There are 2 protein chains.
Amino acid sequence: MTTIADVANLAGLSRATVSRVINNHPNVSEEKKRLVREAMDRLNYVPNSSAQKLRSQKTDTIAILVPVLTNPFFAYLLEAMDEVATENNLQLLVCQTRYDKEKEHNYLKLLMTKQVDGLILTSCENDWNSLAEYAKYGPMILCNESSEQVPVPAVRLDHEKAAFDACCHLIEQGCRRIAFTYGDTVSSVTLGREAGYKSALSHHGIPLCEDLLVSQVYNLEDGRKAFNYFTSLKERPDGIFTGSDQVATGIIMEAKANNINIPDDLAIIGFDDQPIATVVEPALTTIRQPIKEMGKKAMEMLIEAIGQKETLTYQEILLPYELMIRDSSKFKIN
Amino acid sequence: MTTIADVANLAGLSRATVSRVINNHPNVSEEKKRLVREAMDRLNYVPNSSAQKLRSQKTDTIAILVPVLTNPFFAYLLEAMDEVATENNLQLLVCQTRYDKEKEHNYLKLLMTKQVDGLILTSCENDWNSLAEYAKYGPMILCNESSEQVPVPAVRLDHEKAAFDACCHLIEQGCRRIAFTYGDTVSSVTLGREAGYKSALSHHGIPLCEDLLVSQVYNLEDGRKAFNYFTSLKERPDGIFTGSDQVATGIIMEAKANNINIPDDLAIIGFDDQPIATVVEPALTTIRQPIKEMGKKAMEMLIEAIGQKETLTYQEILLPYELMIRDSSKFKIN
DNA sequence: GCCAATAATGTAATCGATTTCAGCAATCGC
DNA sequence: GCGATTGCTGAAATCGATTACATTATTGGC
């Protein structure tokens with residue numbers, strides 16, 4: 001392996017000068033610059049980045065924690081973050097937690113071990129206290145999730161309000177037994193949506209029925225299962241607010257396979273407005289999140305935080321959402 | 001920041017001993033182990049990984065180059081790789097090239113700068129020669145793509161044969177003017193599929209028509225555009241073999257919006273058998289790739305290559321595929 | 001023409017770990 | 001009871017860069 005010393009020798013200069021050329025320091029004569037460049041070319045030299053990181057105490061790498069990449073919501077979020085990151089010459093370390101506490105813990109340690117300059121959390125399995133612990137070691141931003149208990153800024157949308165709107169829409173369309181499916185029990189996203197769901201019900205004087213709340217529902221396949229669970233109930237729901245377009249799509253497909261009419265027998269609302277929402281038939285009513293802006297904003301905030309070196313505080317940036325009303329929830333009245 | 005020296009001081013031992021405890025070396029007495037562990041706990045010590053990497057000359061990190069994460073094919077591939085990687089205590093550096101030559105170059109440099117122990121390429125923008133150049137610096141595996149010109153093993157399926165089968169199927173269903181959409185022009189995937197497409201046509205004595213070959217078609221939206229291009233032709237195709245389920249879905253949706261009957265007016269075949277293939281109506285005929293096995297296999301081979309330190313050679317592992325016949329291509333006859 | 005300021009370069013310390021080597025103590029075999 | 005082996009520990013070199021400081025050469029002002 002060729003090192004900076006080899007280059008210095010070949011160029012007949014000191015390592016310091018070579019380093020200055022690498023880092024574009026001023027005060028290096030053109031003549032020596034040329035010599036160094038030639039030597040670097042001839043030796044096919046590339047600086048060892050572990051050494052650079054160790055010495056300079058920064059990594060130019062940012063960790064993004066996502067539960068899974070196969071959920072398009074997170075894929076699009078990552079894409080947006082990646083855009084901003086590469087513009088700023090930062091690398092992205094993509095970490096899939098798979099909704100696993102321990103995996104998440106391990107990835108959070110990246111901040112402690114100085115393997116990354118900062119970290120963005122898009123979902124959270126561990127409790128907020130332990131998160132706050134990690135936040136001491138380096139800048140961190142919450143994106144999608146949020147908690148007042150953590151001294152960390154958050155970029156997200158108002159899931160409570162969004163869920164409230166979605167459920168009110170179902171009620172206005174005539175639904176009276178509304179189910180709610182979600183993924184994680186501890187996530188702030190879930191808690192917000194659940195609160196919105198419940199307040200919409202009580203706001204319209206509809207009693208809450210625990211049978212209609214289903215957790216651990218993440219993807220298309222889970223959606224199918226959820227549908228079958230609901231049809232197994234004595235009193236079936238006539239509307240479902242799901243936490244994801246994938247789930248909603250799974251429900252619709254299984255409903256069709258079972259000759260249940262959507263939306264007349266069962267109205268469905270998804271979340272995210274992913275491409276699949278307009279592919280499935282009937283097209284899915286859903287809540288559009290400004291994913292791109294969310295990812296960009298989170299990354300921008302992190303970059304600023306890294307630059308400033310000040311300790312972060314709790315702060316929330318709420319982004320707008322939009323209820324996209326499509327056929328899966330329409331004309332339930334009459 | 002607390003270092004190994006701080007721990008050594010507090011424990012009243014040398015740095016060497018602390019290091020041994022960290023790395024689970026034998027020949028450290030239980031007594032000292034305890035002392036070290038206590039000191040580490042008390043100081044909240046975590047080893048600095050840049051220092052570890054520099055000294056040990058390995059990173060336990062693997063770079064995966066994908067064009068985009070929003071294409072589910074790559075998302076699922078990554079998921080499979082991630083599974084094997086985490087089992088082996090390896091980190092994944094996910095790199096999105098966005099079909100950009102320069103970005104790809106930069107990511108390939110990770111191998112030279114020793115930022116990663118190995119690298120998997122799932123698509124390739126640059127020419128094979130320059131790739132071979134990078135391959136000198138560390139182990140590399142091609143996954144999905146392949147080329148005899150690069151001394152690197154490849155895991156993929158036989159795209160030529162798959163495309164041949166797909167097109168023969170269209171022909172058997174009665175299609176006579178078959179279009180072909182693909183993404184990149186230089187990719188080996190495309191070249192293989194194109195060859196299969198052409199040989200299927202000539203095998204059945206169907207003339208090739210350049211109008212029916214369309215490139216730079218990647219996603220749902222591109223699929224819609226492609227459809228509109230095809231309908232603008234004087235002689236429209238009666239069957240389309242696309243390079244991706246996303247594209248095929250876009251075509252189907254736009255066709256429906258234009259009252260074109262699928263498959264009677266236009267038969268469609270996708271590629272990958274992504275979830276969306278069974279969501280769209282009519283369900284999409286497509287070629288199922290064993291994505292999970294492909295990702296796992298590629299990662300396993302890379303891990304082995306990293307262990308062995310031998311120079312790699314050209315080698316191909318072909319995985320089986322399956323033509324999933326669904327409604328988008330059925331019953332064209334009569 | 002002299003002194004101060006500035007530019008260009010080198011020396012050596014440093015980042016935080018791992019690992020070789022050597023030293024010492026304890027154990028073993030006979 | 002003595003030499004050989006084994007187990008445990010520390011001193012110091014090392015990985016490959018960056019950078020504070022020192023040194024020398026050059027320029028500028030008056």
# chains A, B, ... in the order shown; residues from 1 in each chain; ligands from 1
>>> select_by_dssp(residues="stretch 46-233 of chain A", states="strand (DSSP E or B)", output="PyMOL selection string")
chain A and resi 61-66+91-96+118-121+140-143+153-157+178-181+213-214
>>> closest_atom_pairs(of="chain D", to="chain A", cutoff="6 Å", atoms="only C-alpha atoms (C1' of nucleotides)", output="tab-separated table")
residue	atom	partner	partner_atom	distance
D:DG16	C1'	A:Ala51	CA	5.1
D:DA17	C1'	A:Ala51	CA	4.8
D:DT18	C1'	A:Arg55	CA	6.0
>>> interface_residues(of="chain B", to="chain A", cutoff="8 Å", atoms="only C-alpha atoms", output="PDB file with N, CA and C atoms, in the first residue's frame")
ATOM      1  N   VAL B  46     -15.962   4.034  24.771  1.00  0.00           N
ATOM      2  CA  VAL B  46     -16.172   3.251  23.553  1.00  0.00           C
ATOM      3  C   VAL B  46     -14.961   3.471  22.665  1.00  0.00           C
ATOM      4  N   PRO B  47     -14.409   2.407  22.127  1.00  0.00           N
ATOM      5  CA  PRO B  47     -13.215   2.570  21.290  1.00  0.00           C
ATOM      6  C   PRO B  47     -13.513   3.415  20.055  1.00  0.00           C
ATOM      7  N   ASN B  48     -12.577   4.199  19.680  1.00  0.00           N
ATOM      8  CA  ASN B  48     -12.702   5.018  18.479  1.00  0.00           C
ATOM      9  C   ASN B  48     -12.432   4.133  17.267  1.00  0.00           C
ATOM     10  N   SER B  49     -13.428   4.046  16.433  1.00  0.00           N
ATOM     11  CA  SER B  49     -13.289   3.040  15.374  1.00  0.00           C
ATOM     12  C   SER B  49     -12.354   3.467  14.250  1.00  0.00           C
ATOM     13  N   SER B  50     -12.151   4.752  14.073  1.00  0.00           N
ATOM     14  CA  SER B  50     -11.172   5.151  13.059  1.00  0.00           C
ATOM     15  C   SER B  50      -9.791   4.658  13.469  1.00  0.00           C
ATOM     16  N   ALA B  51      -9.505   4.793  14.739  1.00  0.00           N
ATOM     17  CA  ALA B  51      -8.207   4.321  15.232  1.00  0.00           C
ATOM     18  C   ALA B  51      -8.093   2.812  15.057  1.00  0.00           C
ATOM     19  N   LYS B  53      -9.624   0.973  12.905  1.00  0.00           N
ATOM     20  CA  LYS B  53      -9.514   0.638  11.492  1.00  0.00           C
ATOM     21  C   LYS B  53      -8.109   0.922  10.977  1.00  0.00           C
ATOM     22  N   LEU B  54      -7.590   2.041  11.380  1.00  0.00           N
ATOM     23  CA  LEU B  54      -6.250   2.397  10.919  1.00  0.00           C
ATOM     24  C   LEU B  54      -5.248   1.337  11.345  1.00  0.00           C
ATOM     25  N   VAL B  68     -30.571   3.342  -7.634  1.00  0.00           N
ATOM     26  CA  VAL B  68     -31.521   4.065  -6.789  1.00  0.00           C
ATOM     27  C   VAL B  68     -32.164   3.105  -5.804  1.00  0.00           C
ATOM     28  N   LEU B  69     -32.542   3.637  -4.667  1.00  0.00           N
ATOM     29  CA  LEU B  69     -33.186   2.798  -3.654  1.00  0.00           C
ATOM     30  C   LEU B  69     -34.683   2.714  -3.872  1.00  0.00           C
ATOM     31  N   THR B  70     -35.199   3.649  -4.653  1.00  0.00           N
ATOM     32  CA  THR B  70     -36.652   3.688  -4.821  1.00  0.00           C
ATOM     33  C   THR B  70     -37.134   2.640  -5.811  1.00  0.00           C
ATOM     34  N   PRO B  72     -37.790  -0.946  -6.128  1.00  0.00           N
ATOM     35  CA  PRO B  72     -37.904  -2.033  -5.148  1.00  0.00           C
ATOM     36  C   PRO B  72     -36.941  -3.191  -5.401  1.00  0.00           C
ATOM     37  N   ALA B  75     -34.024  -2.379  -3.495  1.00  0.00           N
ATOM     38  CA  ALA B  75     -34.335  -2.362  -2.073  1.00  0.00           C
ATOM     39  C   ALA B  75     -34.357  -3.783  -1.513  1.00  0.00           C
ATOM     40  N   TYR B  76     -34.976  -4.692  -2.241  1.00  0.00           N
ATOM     41  CA  TYR B  76     -35.042  -6.075  -1.771  1.00  0.00           C
ATOM     42  C   TYR B  76     -33.669  -6.751  -1.824  1.00  0.00           C
ATOM     43  N   LEU B  78     -30.847  -5.264  -1.423  1.00  0.00           N
ATOM     44  CA  LEU B  78     -30.122  -4.738  -0.279  1.00  0.00           C
ATOM     45  C   LEU B  78     -30.551  -5.412   1.011  1.00  0.00           C
ATOM     46  N   GLU B  79     -31.827  -5.619   1.121  1.00  0.00           N
ATOM     47  CA  GLU B  79     -32.328  -6.242   2.331  1.00  0.00           C
ATOM     48  C   GLU B  79     -31.688  -7.611   2.523  1.00  0.00           C
ATOM     49  N   ASP B  82     -28.069  -7.206   3.445  1.00  0.00           N
ATOM     50  CA  ASP B  82     -27.976  -6.701   4.812  1.00  0.00           C
ATOM     51  C   ASP B  82     -28.098  -7.829   5.818  1.00  0.00           C
ATOM     52  N   LEU B  92     -22.939  -2.049   6.299  1.00  0.00           N
ATOM     53  CA  LEU B  92     -23.189  -1.795   4.888  1.00  0.00           C
ATOM     54  C   LEU B  92     -23.168  -0.295   4.616  1.00  0.00           C
ATOM     55  N   LEU B  93     -22.370   0.089   3.663  1.00  0.00           N
ATOM     56  CA  LEU B  93     -22.391   1.473   3.207  1.00  0.00           C
ATOM     57  C   LEU B  93     -23.181   1.481   1.909  1.00  0.00           C
ATOM     58  N   VAL B  94     -24.374   2.033   1.975  1.00  0.00           N
ATOM     59  CA  VAL B  94     -25.236   2.011   0.798  1.00  0.00           C
ATOM     60  C   VAL B  94     -24.953   3.232  -0.064  1.00  0.00           C
ATOM     61  N   CYS B  95     -24.619   3.008  -1.306  1.00  0.00           N
ATOM     62  CA  CYS B  95     -24.232   4.105  -2.189  1.00  0.00           C
ATOM     63  C   CYS B  95     -25.156   4.179  -3.391  1.00  0.00           C
ATOM     64  N   GLN B  96     -25.834   5.285  -3.518  1.00  0.00           N
ATOM     65  CA  GLN B  96     -26.718   5.480  -4.664  1.00  0.00           C
ATOM     66  C   GLN B  96     -25.974   6.206  -5.773  1.00  0.00           C
ATOM     67  N   MET B 112     -10.287   1.931  -2.848  1.00  0.00           N
ATOM     68  CA  MET B 112      -8.894   2.373  -2.876  1.00  0.00           C
ATOM     69  C   MET B 112      -8.503   3.038  -1.563  1.00  0.00           C
ATOM     70  N   THR B 113      -9.402   3.815  -1.024  1.00  0.00           N
ATOM     71  CA  THR B 113      -9.081   4.547   0.190  1.00  0.00           C
ATOM     72  C   THR B 113      -9.242   3.686   1.439  1.00  0.00           C
ATOM     73  N   LYS B 114      -9.477   2.418   1.216  1.00  0.00           N
ATOM     74  CA  LYS B 114      -9.591   1.472   2.331  1.00  0.00           C
ATOM     75  C   LYS B 114     -10.713   1.825   3.283  1.00  0.00           C
ATOM     76  N   GLN B 115     -11.716   2.465   2.754  1.00  0.00           N
ATOM     77  CA  GLN B 115     -12.845   2.774   3.626  1.00  0.00           C
ATOM     78  C   GLN B 115     -13.763   1.579   3.756  1.00  0.00           C
ATOM     79  N   THR B 249     -46.194  -1.545 -15.206  1.00  0.00           N
ATOM     80  CA  THR B 249     -47.373  -1.030 -14.511  1.00  0.00           C
ATOM     81  C   THR B 249     -47.764   0.341 -15.033  1.00  0.00           C
ATOM     82  N   MET B 253     -51.382   1.216 -16.695  1.00  0.00           N
ATOM     83  CA  MET B 253     -52.263   2.258 -16.173  1.00  0.00           C
ATOM     84  C   MET B 253     -52.618   3.278 -17.244  1.00  0.00           C
ATOM     85  N   ILE B 276     -45.915  -5.125  -6.752  1.00  0.00           N
ATOM     86  CA  ILE B 276     -46.849  -4.356  -7.567  1.00  0.00           C
ATOM     87  C   ILE B 276     -47.430  -5.179  -8.717  1.00  0.00           C
ATOM     88  N   VAL B 279     -50.701  -6.354  -7.872  1.00  0.00           N
ATOM     89  CA  VAL B 279     -51.626  -5.311  -7.432  1.00  0.00           C
ATOM     90  C   VAL B 279     -52.322  -4.702  -8.637  1.00  0.00           C
ATOM     91  N   VAL B 280     -51.560  -4.488  -9.671  1.00  0.00           N
ATOM     92  CA  VAL B 280     -52.111  -3.854 -10.866  1.00  0.00           C
ATOM     93  C   VAL B 280     -53.120  -4.791 -11.534  1.00  0.00           C
ATOM     94  N   GLU B 281     -54.066  -4.204 -12.247  1.00  0.00           N
ATOM     95  CA  GLU B 281     -55.053  -5.014 -12.972  1.00  0.00           C
ATOM     96  C   GLU B 281     -55.032  -4.669 -14.435  1.00  0.00           C
TER      97      GLU B 281
END
>>> interface_residues(of="chain C", to="chain B", cutoff="12 Å", atoms="only C-alpha atoms (C1' of nucleotides)", output="ChimeraX atom specification")
/C:15-20
>>> write_last_selection(atoms="all heavy atoms", output="compact mmCIF listing (two decimals), in the first residue's frame")
# COMPACT_ATOMS: atom_id res chain seq x y z
P DC C 15 -3.19 13.76 21.13
OP1 DC C 15 -3.81 14.73 22.03
OP2 DC C 15 -2.41 12.64 21.66
O5' DC C 15 -4.32 13.12 20.20
C5' DC C 15 -5.02 13.89 19.23
C4' DC C 15 -5.63 12.95 18.23
O4' DC C 15 -4.63 12.60 17.26
C3' DC C 15 -6.06 11.63 18.85
O3' DC C 15 -7.44 11.70 19.17
C2' DC C 15 -5.79 10.60 17.75
C1' DC C 15 -4.89 11.32 16.75
N1 DC C 15 -3.57 10.68 16.51
C2 DC C 15 -3.18 10.44 15.19
O2 DC C 15 -3.94 10.76 14.26
N3 DC C 15 -1.96 9.88 14.96
C4 DC C 15 -1.18 9.56 15.99
N4 DC C 15 0.00 9.01 15.71
C5 DC C 15 -1.56 9.80 17.34
C6 DC C 15 -2.76 10.34 17.55
P DG C 16 -7.86 11.16 20.65
OP1 DG C 16 -9.26 11.57 20.87
OP2 DG C 16 -6.81 11.52 21.61
O5' DG C 16 -7.83 9.58 20.49
C5' DG C 16 -8.76 8.96 19.61
C4' DG C 16 -8.40 7.51 19.47
O4' DG C 16 -7.09 7.40 18.85
C3' DG C 16 -8.29 6.74 20.79
O3' DG C 16 -9.01 5.54 20.64
C2' DG C 16 -6.81 6.49 20.94
C1' DG C 16 -6.39 6.37 19.48
N9 DG C 16 -4.98 6.58 19.24
C8 DG C 16 -4.11 7.37 19.94
N7 DG C 16 -2.89 7.35 19.47
C5 DG C 16 -2.95 6.48 18.39
C6 DG C 16 -1.95 6.05 17.49
O6 DG C 16 -0.75 6.36 17.47
N1 DG C 16 -2.44 5.16 16.54
C2 DG C 16 -3.74 4.75 16.46
N2 DG C 16 -4.04 3.89 15.48
N3 DG C 16 -4.70 5.14 17.29
C4 DG C 16 -4.24 6.00 18.23
P DA C 17 -9.39 4.65 21.90
OP1 DA C 17 -10.81 4.33 21.73
OP2 DA C 17 -8.91 5.28 23.12
O5' DA C 17 -8.47 3.35 21.68
C5' DA C 17 -9.00 2.21 21.08
C4' DA C 17 -8.18 1.84 19.85
O4' DA C 17 -7.16 2.82 19.63
C3' DA C 17 -7.44 0.51 19.97
O3' DA C 17 -8.31 -0.51 19.50
C2' DA C 17 -6.27 0.70 19.03
C1' DA C 17 -6.09 2.21 18.93
N9 DA C 17 -4.85 2.71 19.51
C8 DA C 17 -4.70 3.48 20.63
N7 DA C 17 -3.46 3.82 20.88
C5 DA C 17 -2.74 3.24 19.86
C6 DA C 17 -1.37 3.23 19.54
N6 DA C 17 -0.45 3.86 20.28
N1 DA C 17 -0.99 2.55 18.44
C2 DA C 17 -1.92 1.93 17.71
N3 DA C 17 -3.23 1.87 17.90
C4 DA C 17 -3.58 2.55 19.00
P DT C 18 -8.00 -2.03 19.86
OP1 DT C 18 -9.11 -2.81 19.29
OP2 DT C 18 -7.68 -2.10 21.30
O5' DT C 18 -6.66 -2.36 19.06
C5' DT C 18 -6.74 -2.53 17.65
C4' DT C 18 -5.39 -2.99 17.15
O4' DT C 18 -4.35 -2.10 17.60
C3' DT C 18 -4.99 -4.39 17.62
O3' DT C 18 -4.40 -5.00 16.48
C2' DT C 18 -3.98 -4.11 18.72
C1' DT C 18 -3.31 -2.84 18.19
N1 DT C 18 -2.68 -1.94 19.19
C2 DT C 18 -1.37 -1.58 19.01
O2 DT C 18 -0.68 -2.00 18.10
N3 DT C 18 -0.88 -0.71 19.96
C4 DT C 18 -1.57 -0.17 21.03
O4 DT C 18 -1.01 0.61 21.79
C5 DT C 18 -2.93 -0.58 21.15
C7 DT C 18 -3.75 -0.04 22.27
C6 DT C 18 -3.43 -1.43 20.24
P DT C 19 -4.19 -6.60 16.43
OP1 DT C 19 -4.46 -7.04 15.04
OP2 DT C 19 -4.88 -7.20 17.58
O5' DT C 19 -2.61 -6.72 16.66
C5' DT C 19 -1.75 -5.99 15.82
C4' DT C 19 -0.33 -6.17 16.33
O4' DT C 19 -0.05 -5.21 17.38
C3' DT C 19 -0.03 -7.54 16.93
O3' DT C 19 1.28 -7.89 16.56
C2' DT C 19 -0.12 -7.29 18.42
C1' DT C 19 0.51 -5.90 18.47
N1 DT C 19 0.23 -5.10 19.68
C2 DT C 19 1.18 -4.19 20.09
O2 DT C 19 2.23 -4.03 19.52
N3 DT C 19 0.84 -3.48 21.22
C4 DT C 19 -0.33 -3.59 21.95
O4 DT C 19 -0.51 -2.89 22.94
C5 DT C 19 -1.27 -4.55 21.46
C7 DT C 19 -2.56 -4.76 22.19
C6 DT C 19 -0.95 -5.26 20.37
P DT C 20 1.63 -9.43 16.34
OP1 DT C 20 1.19 -9.78 14.98
OP2 DT C 20 1.20 -10.22 17.51
O5' DT C 20 3.24 -9.33 16.35
C5' DT C 20 3.88 -8.22 15.73
C4' DT C 20 5.10 -7.81 16.55
O4' DT C 20 4.67 -7.03 17.69
C3' DT C 20 5.89 -8.98 17.10
O3' DT C 20 7.27 -8.75 16.88
C2' DT C 20 5.54 -9.01 18.59
C1' DT C 20 5.32 -7.51 18.84
N1 DT C 20 4.43 -7.19 20.00
C2 DT C 20 4.83 -6.18 20.87
O2 DT C 20 5.87 -5.56 20.75
N3 DT C 20 3.94 -5.94 21.88
C4 DT C 20 2.73 -6.57 22.12
O4 DT C 20 2.03 -6.24 23.07
C5 DT C 20 2.39 -7.60 21.18
C7 DT C 20 1.11 -8.35 21.36
C6 DT C 20 3.24 -7.86 20.17
>>> closest_residue(among="C:DG1, C:DT6, C:DT11, C:DA25", to="D:DC8", atoms="only C-alpha atoms (C1' of nucleotides)")
C:DA25
>>> select_by_dssp(residues="stretch 88-328 of chain A", states="helix (DSSP H, G or I)", output="ChimeraX atom specification")
/A:101-112,128-135,159-172,188-203,210-212,220-232,245-257,276-279,291-308,327-328
>>> closest_residue(among="B:Gly295, B:Ser199, B:Leu191, B:Thr181", to="B:Phe227", atoms="only C-alpha atoms")
B:Thr181
>>> residues_around(residues="B:Asp238", least_positions_apart="3", cutoff="7 Å", atoms="only C-alpha atoms (C1' of nucleotides)", output="count of residues only")
7
>>> closest_residue(among="B:Pro67, B:Gly192, B:Gly174, B:Pro26", to="B:Ile206", atoms="only C-alpha atoms")
B:Gly174
>>> residues_around(residues="stretch 310-326 of chain B", least_positions_apart="4", cutoff="9 Å", atoms="only C-alpha atoms (C1' of nucleotides)", output="PyMOL selection string")
chain B and resi 135-136+138-140+146-158+162+165-166+169+269+273+278+282-290+293-294+305-306+330
>>> atom_distance(atom1="atom CA of A:Gly223", atom2="atom CA of A:Tyr197")
18.6 Å
>>> residues_around(residues="A:Ala11", least_positions_apart="4", cutoff="7 Å", atoms="only C-alpha atoms (C1' of nucleotides)", output="short mmCIF file (atom, residue, chain, number, x, y, z; two decimals) with N, CA, C and O atoms, in the first residue's frame")
data_model
loop_
_atom_site.label_atom_id
_atom_site.label_comp_id
_atom_site.auth_asym_id
_atom_site.auth_seq_id
_atom_site.Cartn_x
_atom_site.Cartn_y
_atom_site.Cartn_z
N VAL A 7 4.89 9.02 -1.37
CA VAL A 7 4.72 10.16 -2.27
C VAL A 7 5.76 11.22 -1.96
O VAL A 7 6.42 11.76 -2.86
N LEU A 35 5.02 18.72 -8.59
CA LEU A 35 5.84 17.57 -8.20
C LEU A 35 5.00 16.55 -7.42
O LEU A 35 5.04 15.35 -7.68
N VAL A 36 4.27 17.07 -6.47
CA VAL A 36 3.46 16.19 -5.63
C VAL A 36 2.40 15.47 -6.47
O VAL A 36 2.25 14.25 -6.38
N ALA A 39 3.90 12.74 -8.48
CA ALA A 39 4.24 11.59 -7.65
C ALA A 39 2.99 10.80 -7.28
O ALA A 39 2.97 9.57 -7.32
#
>>> atom_distance(atom1="atom CA of A:Glu145", atom2="atom CA of A:Leu111")
18.8 Å
>>> atom_distance(atom1="atom CA of A:Ile260", atom2="atom CA of A:Tyr182")
22.0 Å
